[in-house]
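Structure below is upload.csv: CSV, C-alpha atoms and all ligand atoms.
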chain,number,residue,atom,x,y,z
A,15,MET,CA,-20.2,-12.8,-20.9
A,16,THR,CA,-23.6,-11.4,-19.9
A,17,GLY,CA,-24.4,-9.3,-16.8
A,18,PRO,CA,-25.5,-12.0,-14.3
A,19,ASP,CA,-22.5,-14.2,-15.2
A,20,VAL,CA,-20.1,-11.4,-14.6
A,21,LEU,CA,-21.8,-10.6,-11.3
A,22,ARG,CA,-21.6,-14.2,-10.2
A,23,LEU,CA,-18.0,-14.6,-11.2
A,24,GLY,CA,-17.2,-11.4,-9.4
A,25,ALA,CA,-18.8,-12.6,-6.2
A,26,GLU,CA,-17.1,-16.0,-6.2
A,27,SER,CA,-13.8,-14.5,-7.0
A,28,ASP,CA,-14.2,-12.1,-4.1
A,29,ALA,CA,-14.9,-14.9,-1.6
A,30,ASP,CA,-12.0,-16.9,-2.9
A,31,LEU,CA,-9.7,-13.9,-2.8
A,32,LEU,CA,-10.8,-13.0,0.7
A,33,ALA,CA,-10.0,-16.5,1.9
A,34,SER,CA,-6.6,-16.6,0.3
A,35,CYS,CA,-5.8,-13.1,1.5
A,36,ARG,CA,-6.7,-14.2,5.1
A,37,ARG,CA,-4.5,-17.3,4.9
A,38,ARG,CA,-1.6,-15.3,3.5
A,39,LEU,CA,-2.0,-12.6,6.1
A,40,ARG,CA,-1.9,-15.2,8.9
A,41,ALA,CA,1.1,-16.8,7.4
A,42,VAL,CA,3.1,-13.5,7.0
A,43,LEU,CA,1.9,-11.8,10.2
A,44,PRO,CA,0.8,-14.4,12.7
A,45,ASP,CA,0.5,-11.6,15.3
A,46,LEU,CA,-1.4,-8.8,13.8
A,47,PRO,CA,0.1,-5.3,14.5
A,48,SER,CA,-1.7,-2.9,16.8
A,49,SER,CA,-0.5,0.3,15.1
A,50,LEU,CA,0.8,1.4,11.7
A,51,ASP,CA,4.2,1.8,13.2
A,52,ASP,CA,4.1,-1.8,14.5
A,53,LEU,CA,3.0,-2.9,11.0
A,54,ARG,CA,5.9,-1.0,9.5
A,55,ARG,CA,8.4,-2.6,11.8
A,56,LEU,CA,7.0,-6.1,11.4
A,57,MET,CA,7.2,-5.7,7.6
A,58,GLU,CA,10.8,-4.5,7.8
A,59,THR,CA,11.6,-7.8,9.5
A,60,VAL,CA,9.6,-9.8,6.9
A,61,ARG,CA,11.2,-8.0,4.0
A,62,GLY,CA,14.7,-7.5,5.5
A,63,ARG,CA,14.9,-3.9,4.5
A,64,ARG,CA,14.1,-0.5,5.7
A,65,ILE,CA,10.5,0.8,5.2
A,66,GLU,CA,9.8,4.5,5.4
A,67,LEU,CA,6.2,5.4,6.1
A,68,THR,CA,5.5,9.1,5.4
A,69,MET,CA,2.4,11.2,5.3
A,70,THR,CA,2.6,14.6,3.6
A,71,ASP,CA,0.5,17.2,1.9
A,72,PRO,CA,1.2,16.9,-1.8
A,73,GLY,CA,-0.2,20.4,-2.4
A,74,ARG,CA,-1.4,20.7,-6.0
A,75,LEU,CA,0.3,17.6,-7.2
A,76,ARG,CA,-2.1,15.2,-8.8
A,77,LEU,CA,-1.3,11.9,-7.0
A,78,PRO,CA,-3.3,8.9,-5.8
A,79,SER,CA,-4.1,8.9,-2.1
A,80,GLY,CA,-1.2,6.5,-1.5
A,81,LEU,CA,1.9,5.1,-3.2
A,82,TRP,CA,4.3,2.3,-2.6
A,83,GLY,CA,7.7,3.0,-4.1
A,84,GLN,CA,11.1,1.4,-4.0
A,85,VAL,CA,14.0,3.7,-3.7
A,86,ARG,CA,17.5,2.9,-4.7
A,87,SER,CA,20.4,4.6,-3.0
A,88,ALA,CA,24.0,3.9,-2.0
A,89,ALA,CA,22.7,2.2,1.1
A,90,GLY,CA,20.6,-0.3,-1.0
A,91,VAL,CA,16.9,-0.5,-1.8
A,92,HIS,CA,14.3,0.6,0.7
A,93,ASP,CA,10.5,0.7,0.5
A,94,LEU,CA,8.7,4.0,0.7
A,95,VAL,CA,5.0,4.1,1.6
A,96,TRP,CA,3.6,7.5,1.1
A,97,VAL,CA,0.1,8.6,2.2
A,98,ASP,CA,-1.7,11.9,1.5
A,99,ARG,CA,-2.2,13.4,4.9
A,100,ARG,CA,-5.1,15.7,3.9
A,101,THR,CA,-7.7,13.4,5.3
A,102,SER,CA,-8.7,11.8,8.5
A,103,PRO,CA,-6.5,9.5,10.6
A,104,PHE,CA,-9.0,6.7,9.8
A,105,ALA,CA,-8.7,7.2,6.0
A,106,ARG,CA,-4.9,7.5,6.3
A,107,THR,CA,-4.7,4.2,8.1
A,108,VAL,CA,-6.9,2.5,5.5
A,109,VAL,CA,-4.7,3.8,2.7
A,110,ALA,CA,-1.4,2.9,4.4
A,111,CYS,CA,-2.7,-0.6,5.1
A,112,HIS,CA,-3.7,-1.0,1.5
A,113,GLU,CA,0.0,-0.3,0.5
A,114,PHE,CA,1.3,-2.8,3.1
A,115,GLY,CA,-1.3,-5.2,1.8
A,116,HIS,CA,0.5,-5.2,-1.5
A,117,MET,CA,3.7,-6.3,0.2
A,118,ILE,CA,2.0,-9.0,2.2
A,119,CYS,CA,0.4,-10.3,-1.0
A,120,GLY,CA,3.9,-10.6,-2.5
A,121,HIS,CA,3.2,-8.0,-5.2
A,122,GLU,CA,6.0,-6.0,-6.7
A,123,PRO,CA,5.6,-2.4,-7.7
A,124,ASP,CA,6.1,-1.6,-11.4
A,125,PRO,CA,9.6,-0.7,-12.4
A,126,VAL,CA,10.2,2.8,-13.5
A,127,PRO,CA,12.5,2.6,-16.5
A,128,GLY,CA,13.2,6.3,-16.9
A,129,PRO,CA,12.4,9.4,-14.9
A,130,PRO,CA,9.3,8.8,-12.7
A,131,PRO,CA,6.1,10.6,-13.7
A,132,ARG,CA,6.2,14.3,-13.0
A,133,PRO,CA,4.0,14.4,-9.9
A,134,VAL,CA,6.0,11.5,-8.4
A,135,ALA,CA,9.3,13.2,-9.2
A,136,ALA,CA,8.0,16.4,-7.6
A,137,LEU,CA,6.8,14.4,-4.5
A,138,ALA,CA,10.2,12.7,-4.3
A,139,ALA,CA,12.0,16.1,-4.4
A,140,ASP,CA,9.6,17.3,-1.6
A,141,LEU,CA,10.6,14.2,0.4
A,142,GLU,CA,14.3,15.1,-0.2
A,143,LEU,CA,14.8,12.1,-2.4
A,144,ASP,CA,16.5,12.3,-5.7
A,145,PRO,CA,13.7,11.4,-8.2
A,146,ALA,CA,16.3,9.3,-10.1
A,147,GLN,CA,16.4,7.0,-7.1
A,148,VAL,CA,12.7,6.0,-7.5
A,149,ALA,CA,13.1,2.5,-9.0
A,150,ALA,CA,9.5,1.3,-8.9
A,151,ILE,CA,6.1,2.5,-7.9
A,152,VAL,CA,2.5,1.3,-7.5
A,153,GLY,CA,-0.2,3.9,-6.9
A,154,ARG,CA,-3.5,3.3,-5.2
A,155,CYS,CA,-5.7,3.9,-8.1
A,156,GLY,CA,-9.4,4.3,-8.5
A,157,GLU,CA,-9.0,3.6,-12.1
A,158,SER,CA,-11.1,0.7,-13.2
A,159,CYS,CA,-9.2,-2.5,-14.2
A,160,ALA,CA,-11.1,-5.1,-16.1
A,161,PRO,CA,-12.5,-7.6,-13.5
A,162,GLY,CA,-10.3,-10.7,-13.5
A,163,SER,CA,-7.3,-9.0,-15.1
A,164,PRO,CA,-3.9,-9.2,-13.2
A,165,GLU,CA,-4.1,-5.5,-12.3
A,166,TRP,CA,-7.6,-6.0,-10.9
A,167,ARG,CA,-6.5,-9.0,-8.9
A,168,ARG,CA,-3.5,-7.1,-7.6
A,169,GLU,CA,-5.6,-4.2,-6.4
A,170,ARG,CA,-8.3,-6.4,-5.0
A,171,GLU,CA,-5.9,-8.5,-3.0
A,172,ALA,CA,-4.2,-5.4,-1.6
A,173,GLU,CA,-7.6,-3.9,-0.7
A,174,LEU,CA,-8.9,-7.0,1.0
A,175,THR,CA,-5.7,-7.6,2.9
A,176,GLY,CA,-5.4,-3.9,3.8
A,177,ARG,CA,-9.0,-3.9,5.1
A,178,MET,CA,-8.3,-6.8,7.5
A,179,LEU,CA,-5.2,-5.0,8.8
A,180,ALA,CA,-7.0,-1.7,9.1
A,181,GLN,CA,-9.9,-3.3,10.9
A,182,HIS,CA,-7.5,-4.8,13.4
A,183,ILE,CA,-5.4,-1.6,13.9
A,184,LEU,CA,-8.5,0.7,14.1
A,185,GLY,CA,-10.1,-1.6,16.6
A,186,VAL,CA,-7.2,-1.5,18.9
A,187,PRO,CA,-7.2,1.5,21.2
A,188,PRO,CA,-4.0,3.6,20.6
A,189,ARG,CA,-1.5,3.1,23.4
A,190,THR,CA,0.1,6.5,22.8
A,191,ARG,CA,-0.9,9.2,20.4
A,192,SER,CA,2.1,9.8,18.2
A,193,SER,CA,2.7,13.3,16.9
A,194,ARG,CA,5.0,12.0,14.3
A,195,ARG,CA,3.7,12.5,10.8
A,196,GLY,CA,5.3,9.3,9.4
A,201,ZN,ZN,-2.9,-0.7,-4.8
Step by step, read the file and then write its structure as structure tokens.
Amino acid sequence: MTGPDVLRLGAESDADLLASCRRRLRAVLPDLPSSLDDLRRLMETVRGRRIELTMTDPGRLRLPSGLWGQVRSAAGVHDLVWVDRRTSPFARTVVACHEFGHMICGHEPDPVPGPPPRPVAALAADLELDPAQVAAIVGRCGESCAPGSPEWRREREAELTGRMLAQHILGVPPRTRSSRRG
């Protein structure tokens, strides 16, 4: 495919994707959340499991700006959304909403068959999780996926859905400023 064809396909796909993401978001969350914590609680109800949202400084670990992981423990499986806190509240909200966007789009993180990659294992230990409990992860990646590939579509859907969520949350004046890091 030559340049203009690729561009046109990309533009059409984006409009279609945006429309389907908007429909899905409305179906999953008819009442949009006004804060990240509202979003977390609503998605706990949707998914029927605990969702931990945590923002920490990963120090020198080389990690994407956000991760969605599934953690297996004696209490069952719960979701973990981790966001690098070394940026602005605006950027943290956008990254967290991207990860929740994956859940809303019905994506599943990739199973981790063995020990998780070293930076994720180190992060898990920092979060006082046994790295062996990390069952699946998806990282927010800047790496280029071939347009139209399943990976590209997954990231694009999460990004578009996350953007709609973040626009809503960031447009709503905070009721109370939370000092909680998570
Ligand atoms: Zn992603």
*Hey, which of A:Pro145, A:Pro161, A:Gly128, A:Pro78 ends up closest to ligand ZN 201 (chain A)? Count all atoms listed in the file.*
A:Pro78
*When you draw a straight line from CA of Val85 in chain A to CA of Ala138 in chain A, how long is it in Å?*
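Separation of CA of Val85 in chain A and CA of Ala138 in chain A: 9.8 Å.
Between CA of Val148 in chain A and CA of Ile183 in chain A the interatomic distance comes to 29.0 Å.
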_So that I can see what lies close to Arg37 in chain A, please list as a ChimeraX atom specification the residues with an atom at most 12 Å from it, counting only C-alpha atoms and leaving out residues fewer than 3 positions away in the same chain._
/A:30-34,40-44,118-119,171,174-175,178
*Give me, please, the distance in Å between CA of Ala110 in chain A and CA of Glu142 in chain A, quoted to one decimal.*
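Those two atoms sit 20.4 Å apart.
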*Close residues, Arg100 in chain A itself excluded, 9 Å, all atoms listed in the file, min 6 positions apart in chain, as JSON, numbers by chain*: {"A": [69, 70, 71, 72, 106]}
_Using only C-alpha atoms and all ligand atoms: which of A:Gly176, A:Val152, A:Gly62, A:Leu184 has the shortest distance to ligand ZN 201 (chain A)_ = A:Val152
Counting all atoms listed in the file, what are the residues of chain A within 8 Å of ligand ZN 201 (chain A), and for each of them which pair of atoms is the nearest and at what distance in Å, to one decimal? Sort the table by chain and rising number, as a tab-separated table.
residue	atom	partner	partner_atom	distance
A:Leu81	CA	A:ZN201	ZN	7.7
A:His112	CA	A:ZN201	ZN	6.4
A:Glu113	CA	A:ZN201	ZN	6.1
A:His116	CA	A:ZN201	ZN	6.5
A:Val152	CA	A:ZN201	ZN	6.4
A:Gly153	CA	A:ZN201	ZN	5.7
A:Arg154	CA	A:ZN201	ZN	4.1
A:Cys155	CA	A:ZN201	ZN	6.3
A:Arg168	CA	A:ZN201	ZN	7.0
A:Glu169	CA	A:ZN201	ZN	4.7
A:Arg170	CA	A:ZN201	ZN	7.9
A:Ala172	CA	A:ZN201	ZN	5.8
A:Glu173	CA	A:ZN201	ZN	7.0
*With all atoms listed in the file as the basis for distance, which of A:Gly83, A:Gly90, A:Gly115, A:Gly73 is at the shortest distance from Arg38 in chain A?*
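Of A:Gly83, A:Gly90, A:Gly115, A:Gly73, the one nearest Arg38 in chain A, counting all atoms listed in the file, is A:Gly115.
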_Need the shell around Pro133 in chain A: protein/DNA/RNA residues with any atom at most 7 Å away, counting only C-alpha atoms. Skip same-chain ones fewer than 4 positions apart. Format as a count of residues only?_
4
*asked:* Please list, as a ChimeraX atom specification, the residues that have an atom at most 12 Å away from (11.4, 4.1, -2.9) in the coordinates of this file, counting only C-alpha atoms.
replied: /A:63-68,81-87,90-96,123-126,130,134-135,137-138,141-152
*asked:* Here is a test: counting all atoms listed in the file, which residue of A:Glu165, A:Leu39, A:Val108, A:Arg132 is nearest to Gln181 in chain A?
replied: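 So, comparing all the options, the nearest one is A:Val108.
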*Asp51 in chain A: which residues within 10 Å, counting only C-alpha atoms, same-chain residues fewer than 3 positions away excluded, as a ChimeraX atom specification?*
/A:47-48,54-57,66-67,192,196
*Go through A:Gly185, A:Pro164, A:Pro127, A:Gly120 and flag the residue nearest Val60 in chain A, using only C-alpha atoms for the distances.*
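Checking each candidate against Val60 in chain A, we get A:Gly120 as the closest.
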